Structure formats: C-alpha cells, structure tokens
>>> print(open('input29.cif').read())   # mmCIF, C-alpha atoms
data_input
loop_
_atom_site.label_atom_id
_atom_site.label_comp_id
_atom_site.auth_asym_id
_atom_site.auth_seq_id
_atom_site.Cartn_x
_atom_site.Cartn_y
_atom_site.Cartn_z
CA MET A 1 -3.19 36.21 -6.72
CA ILE A 2 -3.66 38.19 -3.49
CA ILE A 3 -0.75 39.21 -1.24
CA VAL A 4 -1.18 39.18 2.54
CA LYS A 5 1.38 40.86 4.79
CA GLN A 6 3.62 38.52 6.79
CA ASN A 7 2.71 40.19 10.10
CA SER A 8 -1.00 39.99 9.34
CA GLN A 9 -3.38 38.21 11.72
CA PHE A 10 -4.92 36.45 8.72
CA PRO A 11 -4.26 32.67 9.06
CA ALA A 12 -2.70 32.41 5.58
CA ALA A 13 0.22 34.78 5.10
CA ASP A 14 2.14 35.75 1.95
CA ARG A 15 0.49 35.00 -1.42
CA ILE A 16 -2.89 33.36 -1.80
CA SER A 17 -3.86 31.73 -5.08
CA ILE A 18 -7.51 32.30 -5.92
CA LEU A 19 -9.66 29.29 -6.73
CA SER A 20 -12.94 31.23 -6.89
CA PRO A 21 -12.21 34.34 -8.99
CA VAL A 22 -15.82 34.99 -10.02
CA THR A 23 -17.11 34.78 -6.45
CA ILE A 24 -14.35 37.07 -5.20
CA THR A 25 -14.97 39.60 -7.97
CA VAL A 26 -18.68 39.76 -7.15
CA LEU A 27 -17.95 40.13 -3.44
CA CYS A 28 -15.49 42.96 -4.09
CA GLU A 29 -18.06 44.77 -6.22
CA ASN A 30 -20.68 44.36 -3.51
CA ILE A 31 -18.26 45.66 -0.89
CA CYS A 32 -17.50 48.78 -2.92
CA GLN A 33 -21.18 49.33 -3.63
CA HIS A 34 -22.33 49.05 -0.01
CA LEU A 35 -19.46 50.39 2.11
CA TRP A 36 -19.70 53.88 0.61
CA SER A 37 -23.45 54.07 0.95
CA GLU A 38 -24.98 56.78 3.15
CA ASN A 39 -27.38 54.19 4.51
CA ARG A 40 -26.07 52.57 7.71
CA LEU A 41 -27.82 49.32 6.99
CA GLN A 42 -26.18 49.16 3.56
CA ARG A 43 -22.75 49.88 5.08
CA PHE A 44 -23.37 47.08 7.57
CA ARG A 45 -24.23 44.86 4.63
CA GLY A 46 -20.90 45.83 3.07
CA GLN A 47 -19.09 44.67 6.20
CA ILE A 48 -20.85 41.33 5.94
CA TYR A 49 -19.70 41.03 2.31
CA PHE A 50 -16.15 41.81 3.46
CA GLN A 51 -16.27 39.04 6.07
CA GLU A 52 -17.61 36.68 3.44
CA LEU A 53 -14.68 37.67 1.21
CA LEU A 54 -12.24 36.76 4.00
CA TYR A 55 -14.01 33.44 4.42
CA VAL A 56 -13.70 32.59 0.70
CA LEU A 57 -10.02 33.59 0.64
CA LEU A 58 -9.26 31.48 3.69
CA GLN A 59 -11.18 28.55 2.25
CA ASP A 60 -9.16 28.74 -0.98
CA ALA A 61 -5.88 29.05 0.92
CA LEU A 62 -6.59 26.06 3.16
CA HIS A 63 -7.70 23.97 0.18
CA LEU A 64 -4.40 24.65 -1.55
CA GLN A 65 -2.48 23.84 1.62
CA VAL A 66 -4.20 20.46 1.83
CA SER A 67 -3.45 19.78 -1.84
CA ASP A 68 0.18 20.78 -1.34
CA SER A 69 0.43 18.46 1.67
CA ASP A 70 -0.95 15.53 -0.33
CA GLU A 71 1.53 16.13 -3.12
CA SER A 72 4.38 16.50 -0.63
CA LEU A 73 3.51 13.22 1.07
CA GLU A 74 3.32 11.41 -2.25
CA TYR A 75 6.72 12.80 -3.15
CA VAL A 76 8.16 11.69 0.21
CA LYS A 77 6.77 8.19 -0.39
CA TYR A 78 8.43 8.18 -3.81
CA TYR A 79 11.63 9.55 -2.25
CA ILE A 80 11.68 6.70 0.29
CA GLU A 81 11.21 4.09 -2.44
CA LYS A 82 14.10 5.53 -4.45
CA ASN A 83 16.47 6.09 -1.52
CA TYR A 84 15.58 3.19 0.80
CA GLN A 85 19.19 1.95 0.81
CA GLN A 86 20.32 5.13 2.54
CA GLU A 87 19.98 6.10 6.19
CA LEU A 88 16.79 8.16 6.32
CA THR A 89 15.46 10.07 9.32
CA ILE A 90 12.19 11.81 10.11
CA GLU A 91 13.98 15.14 10.04
CA GLN A 92 15.31 14.49 6.53
CA LEU A 93 11.94 13.36 5.23
CA ALA A 94 10.16 16.31 6.83
CA LYS A 95 12.57 18.62 5.02
CA VAL A 96 11.73 16.87 1.76
CA ALA A 97 8.05 17.49 2.51
CA ARG A 98 8.86 21.08 3.56
CA ILE A 99 6.86 20.83 6.77
CA SER A 100 7.74 20.44 10.45
CA SER A 101 8.75 17.00 11.73
CA ARG A 102 5.77 16.73 14.07
CA HIS A 103 3.28 17.78 11.40
CA PHE A 104 4.92 15.45 8.88
CA MET A 105 4.70 12.42 11.19
CA ARG A 106 1.04 13.06 11.89
CA LEU A 107 0.08 13.61 8.24
CA PHE A 108 2.05 10.63 6.92
CA LYS A 109 0.52 8.19 9.40
CA LYS A 110 -2.96 9.56 8.79
CA ARG A 111 -2.60 9.14 5.04
CA TYR A 112 -0.78 5.80 4.81
CA GLY A 113 -1.69 4.06 8.06
CA CYS A 114 1.90 3.75 9.24
CA SER A 115 4.78 6.02 10.12
CA ALA A 116 7.35 7.04 7.52
CA ILE A 117 10.01 4.90 9.20
CA GLU A 118 7.64 1.93 9.26
CA TYR A 119 6.99 2.46 5.56
CA LEU A 120 10.74 2.56 4.94
CA THR A 121 11.15 -0.72 6.85
CA ILE A 122 8.32 -2.41 4.96
CA HIS A 123 9.75 -1.29 1.62
CA ARG A 124 13.23 -2.53 2.53
CA ILE A 125 11.91 -5.93 3.57
CA LYS A 126 9.84 -6.21 0.39
CA GLN A 127 12.96 -5.51 -1.65
CA ALA A 128 14.78 -8.21 0.31
CA GLN A 129 11.90 -10.62 -0.35
CA GLN A 130 12.12 -9.94 -4.07
CA LEU A 131 15.84 -10.68 -4.11
CA ILE A 132 15.26 -13.93 -2.23
CA ARG A 133 12.37 -14.96 -4.49
CA ALA A 134 14.45 -14.25 -7.58
CA GLY A 135 16.83 -17.00 -6.50
CA SER A 136 19.67 -14.60 -5.82
CA GLN A 137 22.99 -16.27 -5.06
CA TYR A 138 23.80 -13.56 -2.53
CA GLN A 139 23.94 -14.52 1.12
CA LEU A 140 21.35 -13.06 3.45
CA LYS A 141 23.91 -10.73 5.03
CA ASP A 142 24.67 -9.32 1.56
CA ILE A 143 20.97 -8.79 0.91
CA ALA A 144 20.70 -7.04 4.28
CA ARG A 145 23.47 -4.62 3.28
CA TYR A 146 21.89 -4.05 -0.11
CA VAL A 147 18.53 -2.99 1.31
CA GLY A 148 20.06 -0.68 3.91
CA TYR A 149 20.81 -2.76 7.03
CA ASN A 150 24.35 -3.01 8.38
CA ASP A 151 23.29 -5.03 11.41
CA ASP A 152 22.41 -8.64 10.50
CA PHE A 153 20.54 -9.26 13.74
CA TYR A 154 18.42 -6.14 13.27
CA PHE A 155 17.70 -7.15 9.67
CA ARG A 156 16.52 -10.60 10.76
CA HIS A 157 14.39 -9.04 13.50
CA LYS A 158 12.71 -6.62 11.10
CA PHE A 159 12.30 -9.28 8.41
CA LYS A 160 10.44 -11.57 10.80
CA GLN A 161 8.40 -8.66 12.12
CA ILE A 162 7.18 -7.78 8.62
CA SER A 163 7.10 -11.23 6.99
CA GLY A 164 6.12 -13.37 9.95
CA ILE A 165 9.08 -15.72 9.47
CA PRO A 166 12.88 -15.29 9.56
CA PRO A 167 14.67 -14.64 6.25
CA ALA A 168 16.28 -18.10 6.24
CA ALA A 169 12.86 -19.77 6.49
CA PHE A 170 11.50 -17.41 3.85
CA LYS A 171 14.34 -18.44 1.56
CA ARG A 172 13.58 -22.13 2.07
CA ASN A 173 9.87 -21.59 1.50
CA SER A 174 10.46 -19.53 -1.63
CA LYS A 175 11.89 -22.62 -3.28
CA GLN A 176 8.57 -24.42 -2.91
CA LYS A 177 6.56 -24.74 -6.10
CA ILE A 178 2.98 -23.98 -5.12
CA ALA A 179 0.31 -23.99 -7.82
CA ALA A 180 -2.94 -22.05 -7.57
CA TYR A 181 -5.51 -24.29 -9.22
CA HIS A 182 -8.30 -21.70 -8.96
CA SER A 183 -8.02 -17.92 -9.32
CA LEU A 184 -9.69 -17.40 -5.96
CA SER A 185 -6.79 -19.05 -4.16
CA ILE A 186 -4.26 -16.52 -5.46
CA GLY A 187 -5.30 -13.79 -3.04
CA VAL A 188 -4.97 -16.09 -0.03
CA LEU A 189 -1.52 -17.21 -1.17
CA LEU A 190 -0.36 -13.62 -1.64
CA ALA A 191 -1.37 -12.82 1.93
CA LEU A 192 0.97 -15.63 3.02
CA GLN A 193 3.87 -14.10 1.07
CA ILE A 194 3.56 -16.78 -1.62
CA ILE A 195 3.61 -16.06 -5.32
CA PRO A 196 2.27 -19.21 -6.97
CA PHE A 197 4.60 -20.48 -9.65
CA ALA A 198 1.53 -21.57 -11.65
CA ALA A 199 -1.92 -19.98 -11.83
CA PRO A 200 -4.91 -19.81 -14.20
CA ALA A 201 -4.16 -17.75 -17.29
CA ASN A 202 -7.36 -15.73 -16.89
CA HIS A 203 -6.72 -14.64 -13.31
CA PRO A 204 -7.18 -10.91 -12.60
CA TRP A 205 -3.85 -10.53 -10.81
CA THR A 206 -1.51 -10.37 -13.81
CA HIS A 207 -0.82 -6.62 -13.64
CA TYR A 208 -0.75 -6.82 -9.86
CA TYR A 209 2.03 -9.41 -10.07
CA ASN A 210 4.05 -7.34 -12.49
CA ARG A 211 3.70 -4.10 -10.54
CA LYS A 212 3.95 -5.26 -6.95
CA PHE A 213 6.15 -8.34 -7.18
CA GLU A 214 8.00 -7.54 -10.40
CA THR A 215 7.88 -11.05 -11.71
CA ASP A 216 6.81 -12.71 -14.92
CA ASN A 217 7.66 -16.20 -13.73
CA VAL A 218 4.08 -17.34 -13.16
CA LEU A 219 3.26 -20.33 -15.35
CA PRO A 220 -0.15 -19.70 -16.99
CA LEU A 221 -2.53 -22.64 -16.69
CA SER A 222 -5.10 -23.33 -19.39
CA LEU A 223 -8.80 -22.99 -18.74
CA ALA A 224 -9.64 -26.46 -20.03
CA GLU A 225 -9.45 -29.02 -17.23
CA SER A 226 -7.64 -31.67 -19.28
CA LEU A 227 -4.96 -29.24 -20.47
CA LYS A 228 -4.55 -27.75 -17.02
CA TRP A 229 -4.02 -31.23 -15.56
CA GLU A 230 -1.33 -32.02 -18.15
CA GLU A 231 0.42 -28.70 -17.51
CA LEU A 232 0.48 -29.33 -13.77
CA GLN A 233 1.76 -32.85 -14.29
CA LEU A 234 4.67 -31.55 -16.35
CA ALA A 235 5.37 -28.73 -13.88
CA SER A 236 5.56 -31.11 -10.87
CA PRO A 237 4.44 -28.69 -8.13
CA ASP A 238 5.07 -29.34 -4.46
CA PHE A 239 1.50 -28.38 -3.54
CA ILE A 240 -1.73 -27.59 -5.36
CA ILE A 241 -4.11 -25.10 -3.76
CA GLY A 242 -7.73 -24.53 -4.73
CA PHE A 243 -11.27 -24.24 -3.37
CA ASP A 244 -13.41 -27.27 -2.61
CA ASN A 245 -16.59 -25.86 -4.15
CA LEU A 246 -14.87 -25.48 -7.53
CA ALA A 247 -13.33 -28.94 -7.83
CA SER A 248 -15.26 -32.08 -8.68
CA ILE A 249 -14.48 -35.41 -7.04
CA GLY A 250 -12.82 -36.56 -10.25
CA GLU A 251 -10.61 -33.46 -10.34
CA ARG A 252 -9.54 -33.97 -6.75
CA GLU A 253 -8.47 -37.54 -7.40
CA ARG A 254 -6.50 -36.63 -10.51
CA LEU A 255 -4.81 -33.69 -8.80
CA SER A 256 -3.81 -35.79 -5.81
CA ASP A 257 -1.89 -38.04 -8.20
CA ILE A 258 0.32 -35.05 -9.08
CA ALA A 259 1.01 -33.47 -5.68
CA PRO A 260 -0.50 -32.95 -2.22
CA VAL A 261 -3.72 -30.98 -2.64
CA PHE A 262 -5.38 -28.58 -0.23
CA LEU A 263 -8.84 -27.37 -1.17
CA VAL A 264 -9.88 -24.44 0.98
CA PRO A 265 -13.40 -24.92 2.39
CA TRP A 266 -15.88 -22.46 0.93
CA VAL A 267 -19.10 -23.23 2.80
CA ASP A 268 -19.45 -21.96 6.38
CA THR A 269 -16.06 -20.20 6.31
CA ASP A 270 -15.10 -16.57 5.92
CA TRP A 271 -11.87 -15.29 4.38
CA ARG A 272 -10.15 -15.08 7.77
CA MET A 273 -10.83 -18.73 8.48
CA GLN A 274 -9.74 -19.66 4.96
CA LEU A 275 -6.47 -17.79 5.47
CA ASN A 276 -5.94 -19.51 8.81
CA LEU A 277 -6.62 -23.00 7.43
CA LEU A 278 -4.30 -22.56 4.47
CA SER A 279 -1.55 -21.03 6.61
CA GLN A 280 -1.69 -24.06 8.90
CA PHE A 281 -1.51 -26.47 5.98
CA LEU A 282 1.53 -24.72 4.49
CA GLY A 283 3.23 -24.21 7.84
CA ARG A 284 2.88 -20.44 7.68
CA LYS A 285 0.54 -19.79 10.57
CA GLU A 286 2.70 -16.98 11.95
CA VAL A 287 2.88 -15.32 8.53
CA GLY A 288 -0.90 -15.35 8.32
CA GLU A 289 -1.24 -13.88 11.80
CA VAL A 290 1.17 -11.05 11.01
CA TRP A 291 -0.65 -10.25 7.77
CA LEU A 292 -4.05 -10.28 9.49
CA GLU A 293 -2.81 -8.07 12.32
CA ARG A 294 -1.45 -5.54 9.84
CA TYR A 295 -4.66 -5.64 7.82
CA GLU A 296 -6.86 -5.03 10.85
CA ARG A 297 -4.62 -2.20 12.03
CA LYS A 298 -4.91 -0.47 8.66
CA ALA A 299 -8.65 -1.10 8.49
CA GLY A 300 -9.05 0.38 11.97
CA PHE A 301 -10.63 -2.68 13.57
#
>>> encode(input="input29.cif", output="structure tokens")
Amino acid sequence: MIIVKQNSQFPAADRISILSPVTITVLCENICQHLWSENRLQRFRGQIYFQELLYVLLQDALHLQVSDSDESLEYVKYYIEKNYQQELTIEQLAKVARISSRHFMRLFKKRYGCSAIEYLTIHRIKQAQQLIRAGSQYQLKDIARYVGYNDDFYFRHKFKQISGIPPAAFKRNSKQKIAAYHSLSIGVLLALQIIPFAAPANHPWTHYYNRKFETDNVLPLSLAESLKWEELQLASPDFIIGFDNLASIGERERLSDIAPVFLVPWVDTDWRMQLNLLSQFLGRKEVGEVWLERYERKAGF
C-alpha cells in the first residue's frame, strides 16, 4: 500500500493498492542504485526508473478503479432489482455506486446498453408480465401499483413501449396455450413474449426458463413422435409452432388435427424473417418489431 498526498498532482490520490509488488520493488532498488551514482548518465537512468515507477503505480491505480466501477455497477443493478417498487432516481443510484451522477449515467449505459432508469422500467414491466402470466387475479391497476407505478396511464404507456402491446392485450394473449413442437421454435416464441406451455423435454432452455421467467409450468413433450402427438392431443393447445424442415408430411397432417399449425420456413429465410412471419401469424407483429428494435440497438446496428 502506498499513500499519496491529497494535494498531490498525481492522478490517483490517497492510498494506492499495489498489484505489481515485485516490479515495484525492483524499480525502487534500481532508483536507489542509480540516483546516488556519481555518473550523470546513471543518475539520468535513475530518473527514467522513477518515471517508470510512477507509470506502474498509475496503471495499478486505474486498474483498481475500473474494477471498483464494475463492482459498483453490478451492485446498482442488483439494488434496482431488489428495490424496483420504490421511487428511484439517478442521484440515488449514483450515491449507491459512490460516483457522480454524470459519470454513473455514462458508465451504466456503456456497460448495459441502456440507462439506469430504462433498466428500472424494463425490470418493472417484466415483473408485471410475470404476474399476468401467473394468472394473477389482481386487476391491472393493482399490478401497476405493485411494480411501482401510481399512474395507470403511464404504466400502460411503458408496458406497451417495452412489450409491444398494451397490458390488457398481453393478459388476453397469455391465456393462449401455444406449444413449441420443435426446440428451435422456443427462441422465436420467447422473443414474442410467449412462454410455450408445452415444449420438447430435451430443449436447452430449461434453466433459462427457471431463471428468467421463474416458471415451471412448461409441459415436457416426449422425444418419440407417437408419444409427443398423444401428449399434445391431451393438452389441447390453441396453436402448435415448429419448423417446416423438421416435420414430415405425415406429422403435419396429424398435428393439424389437434390445433392450427404454423411451421416456420427454414430454407431461404433468416431469423429476422422467421420472427416476422411467426409474429404475423400470432398477431404479434408489433411485439416482434419492438423486440427487434431493442436487439439492434443493443447490438449497435
């Protein structure tokens, strides 16, 4: 630990934790050895070692500052998720991060791709979505209060902005029983704010469901085609979603006897087109557009 005076011109004041003790020890020894030499060239060399020492100290200090900032931002994110029902301001969150408001806003957006207030809004709306999906008997105005909105109109505005559809429409849609016949279709459904009520048992999204959507209500479908067909028949879904390249003609005919089927085209389509086609079929075109816009903004397109 090295102490720097508060009124020093050195960029990092107060205490500096050392990350490179061996390097600093060697530099200090070289400084002592050369600065007291009678040879001018050696003394000049000692000054160079001293400047190198300052460089290493500054490098260590800045590295720790960056690490501290990362930890502070993660804590603020956690703080938002735990206190989203309260009225939170940039000033409050900056104090939690122990940095200035301007610096906090810049760092948070750089790290997470959105402002802290936008993150708060997104988290609130996601909590509202979970309550609606869970079949809560609460009215929408009660859900709005629960997630931190006292103004119903503002809640509806923000809900549509984040979800792509108003909360009332989201509530109606959440009652639809949509089955994902193939694992590949799960990702497209999630982008449309749809958690399939039935999906293949071997899909790779199980932990994702539990962590992000906090639900265990997904009916696992067997791998065997005959068993899967029987399970779907008993479940009586409203729609069955899959991919056309993975379903035989016989499968398509049998599935269509259970519920309306939409098989997303695989050939000559990219994932954006697949998302668009499915969103149109399910009447969620605006939801798909909102999701795509947010994705492209985060990706920097």
>>> atom_distance(input="input29.cif", atom1="atom CA of A:Phe262", atom2="atom CA of A:Lys171")
22.2 Å
>>> atom_distance(input="input29.cif", atom1="atom CA of A:Leu189", atom2="atom CA of A:Leu282")
9.9 Å
>>> atom_distance(input="input29.cif", atom1="atom CA of A:Trp266", atom2="atom CA of A:Gly242")
10.1 Å
>>> residues_around(input="input29.cif", residues="A:Glu289", least_positions_apart="4", cutoff="9 Å", atoms="all atoms listed in the file", output="PDB file with C-alpha atoms, keeping the file's coordinate frame")
ATOM      1  CA  GLY A 164       6.120 -13.370   9.950  1.00  0.00           C
ATOM      2  CA  ASN A 276      -5.940 -19.510   8.810  1.00  0.00           C
ATOM      3  CA  SER A 279      -1.550 -21.030   6.610  1.00  0.00           C
ATOM      4  CA  ARG A 284       2.880 -20.440   7.680  1.00  0.00           C
ATOM      5  CA  LYS A 285       0.540 -19.790  10.570  1.00  0.00           C
ATOM      6  CA  GLU A 293      -2.810  -8.070  12.320  1.00  0.00           C
ATOM      7  CA  ARG A 294      -1.450  -5.540   9.840  1.00  0.00           C
TER       8      ARG A 294
END
>>> resolve_selection(input="input29.cif", expression="the PyMOL selection byres ((chain A and resi 240) around 6)", output="mmCIF file with C-alpha atoms, in the coordinates of the input")
data_model
loop_
_atom_site.group_PDB
_atom_site.id
_atom_site.type_symbol
_atom_site.label_atom_id
_atom_site.label_comp_id
_atom_site.auth_asym_id
_atom_site.auth_seq_id
_atom_site.Cartn_x
_atom_site.Cartn_y
_atom_site.Cartn_z
ATOM 1 C CA ILE A 178 2.980 -23.980 -5.120
ATOM 2 C CA ALA A 179 0.310 -23.990 -7.820
ATOM 3 C CA PHE A 239 1.500 -28.380 -3.540
ATOM 4 C CA ILE A 241 -4.110 -25.100 -3.760
ATOM 5 C CA VAL A 261 -3.720 -30.980 -2.640
#
>>> residues_near_point(input="input29.cif", point="(2.7, -1.7, 6.6)", cutoff="8 Å", atoms="all atoms listed in the file", output="PyMOL selection string")
chain A and resi 113-114+118-119+122+162+294+298
>>> residues_near_point(input="input29.cif", point="(8.0, -21.4, -9.8)", cutoff="9 Å", atoms="all atoms listed in the file", output="count of residues only")
15
>>> closest_residue(input="input29.cif", among="A:Leu232, A:Leu275, A:Ala259, A:Val147", to="A:Lys82", atoms="all atoms listed in the file")
A:Val147
>>> residues_around(input="input29.cif", residues="A:Leu35", least_positions_apart="4", cutoff="8 Å", atoms="all atoms listed in the file", output="NGL selection string")
:A and (31 or 42-47)
>>> resolve_selection(input="input29.cif", expression="the PyMOL selection byres ((chain A and resi 94) around 12)", output="PDB file with C-alpha atoms, in the coordinates of the input")
ATOM      1  CA  SER A  69       0.430  18.460   1.670  1.00  0.00           C
ATOM      2  CA  SER A  72       4.380  16.500  -0.630  1.00  0.00           C
ATOM      3  CA  LEU A  73       3.510  13.220   1.070  1.00  0.00           C
ATOM      4  CA  TYR A  75       6.720  12.800  -3.150  1.00  0.00           C
ATOM      5  CA  VAL A  76       8.160  11.690   0.210  1.00  0.00           C
ATOM      6  CA  LYS A  77       6.770   8.190  -0.390  1.00  0.00           C
ATOM      7  CA  TYR A  79      11.630   9.550  -2.250  1.00  0.00           C
ATOM      8  CA  ILE A  80      11.680   6.700   0.290  1.00  0.00           C
ATOM      9  CA  LEU A  88      16.790   8.160   6.320  1.00  0.00           C
ATOM     10  CA  THR A  89      15.460  10.070   9.320  1.00  0.00           C
ATOM     11  CA  ILE A  90      12.190  11.810  10.110  1.00  0.00           C
ATOM     12  CA  GLU A  91      13.980  15.140  10.040  1.00  0.00           C
ATOM     13  CA  GLN A  92      15.310  14.490   6.530  1.00  0.00           C
ATOM     14  CA  LEU A  93      11.940  13.360   5.230  1.00  0.00           C
ATOM     15  CA  LYS A  95      12.570  18.620   5.020  1.00  0.00           C
ATOM     16  CA  VAL A  96      11.730  16.870   1.760  1.00  0.00           C
ATOM     17  CA  ALA A  97       8.050  17.490   2.510  1.00  0.00           C
ATOM     18  CA  ARG A  98       8.860  21.080   3.560  1.00  0.00           C
ATOM     19  CA  ILE A  99       6.860  20.830   6.770  1.00  0.00           C
ATOM     20  CA  SER A 100       7.740  20.440  10.450  1.00  0.00           C
ATOM     21  CA  SER A 101       8.750  17.000  11.730  1.00  0.00           C
ATOM     22  CA  ARG A 102       5.770  16.730  14.070  1.00  0.00           C
ATOM     23  CA  HIS A 103       3.280  17.780  11.400  1.00  0.00           C
ATOM     24  CA  PHE A 104       4.920  15.450   8.880  1.00  0.00           C
ATOM     25  CA  MET A 105       4.700  12.420  11.190  1.00  0.00           C
ATOM     26  CA  ARG A 106       1.040  13.060  11.890  1.00  0.00           C
ATOM     27  CA  LEU A 107       0.080  13.610   8.240  1.00  0.00           C
ATOM     28  CA  PHE A 108       2.050  10.630   6.920  1.00  0.00           C
ATOM     29  CA  ALA A 116       7.350   7.040   7.520  1.00  0.00           C
ATOM     30  CA  ILE A 117      10.010   4.900   9.200  1.00  0.00           C
TER      31      ILE A 117
END
>>> closest_residue(input="input29.cif", among="A:Asn83, A:Gln193, A:Glu71, A:Glu253", to="A:Gln130", atoms="all atoms listed in the file")
A:Gln193
>>> closest_residue(input="input29.cif", among="A:Asp238, A:Lys160, A:Arg172, A:Pro167", to="A:Val287", atoms="all atoms listed in the file")
A:Lys160
>>> decode(input="input29.cif", residues="stretch 94-115 of chain A", atoms="C-alpha atoms", output="mmCIF file, in the first residue's frame")
data_model
loop_
_atom_site.group_PDB
_atom_site.id
_atom_site.type_symbol
_atom_site.label_atom_id
_atom_site.label_comp_id
_atom_site.auth_asym_id
_atom_site.auth_seq_id
_atom_site.Cartn_x
_atom_site.Cartn_y
_atom_site.Cartn_z
ATOM 1 C CA ALA A 94 -25.233 7.313 -8.253
ATOM 2 C CA LYS A 95 -24.868 7.561 -4.475
ATOM 3 C CA VAL A 96 -25.234 3.793 -4.238
ATOM 4 C CA ALA A 97 -22.442 3.479 -6.814
ATOM 5 C CA ARG A 98 -20.428 6.163 -4.970
ATOM 6 C CA ILE A 99 -19.690 8.113 -8.139
ATOM 7 C CA SER A 100 -21.002 11.329 -9.666
ATOM 8 C CA SER A 101 -24.383 11.273 -11.417
ATOM 9 C CA ARG A 102 -22.919 12.150 -14.814
ATOM 10 C CA HIS A 103 -20.177 9.534 -14.559
ATOM 11 C CA PHE A 104 -22.683 6.953 -13.329
ATOM 12 C CA MET A 105 -25.075 7.536 -16.244
ATOM 13 C CA ARG A 106 -22.273 7.200 -18.768
ATOM 14 C CA LEU A 107 -20.800 4.042 -17.226
ATOM 15 C CA PHE A 108 -24.148 2.303 -16.724
ATOM 16 C CA LYS A 109 -25.262 2.854 -20.310
ATOM 17 C CA LYS A 110 -21.888 1.785 -21.659
ATOM 18 C CA ARG A 111 -21.978 -1.443 -19.659
ATOM 19 C CA TYR A 112 -25.629 -2.465 -20.017
ATOM 20 C CA GLY A 113 -26.722 -0.759 -23.233
ATOM 21 C CA CYS A 114 -29.459 1.274 -21.569
ATOM 22 C CA SER A 115 -29.765 3.935 -18.914
#
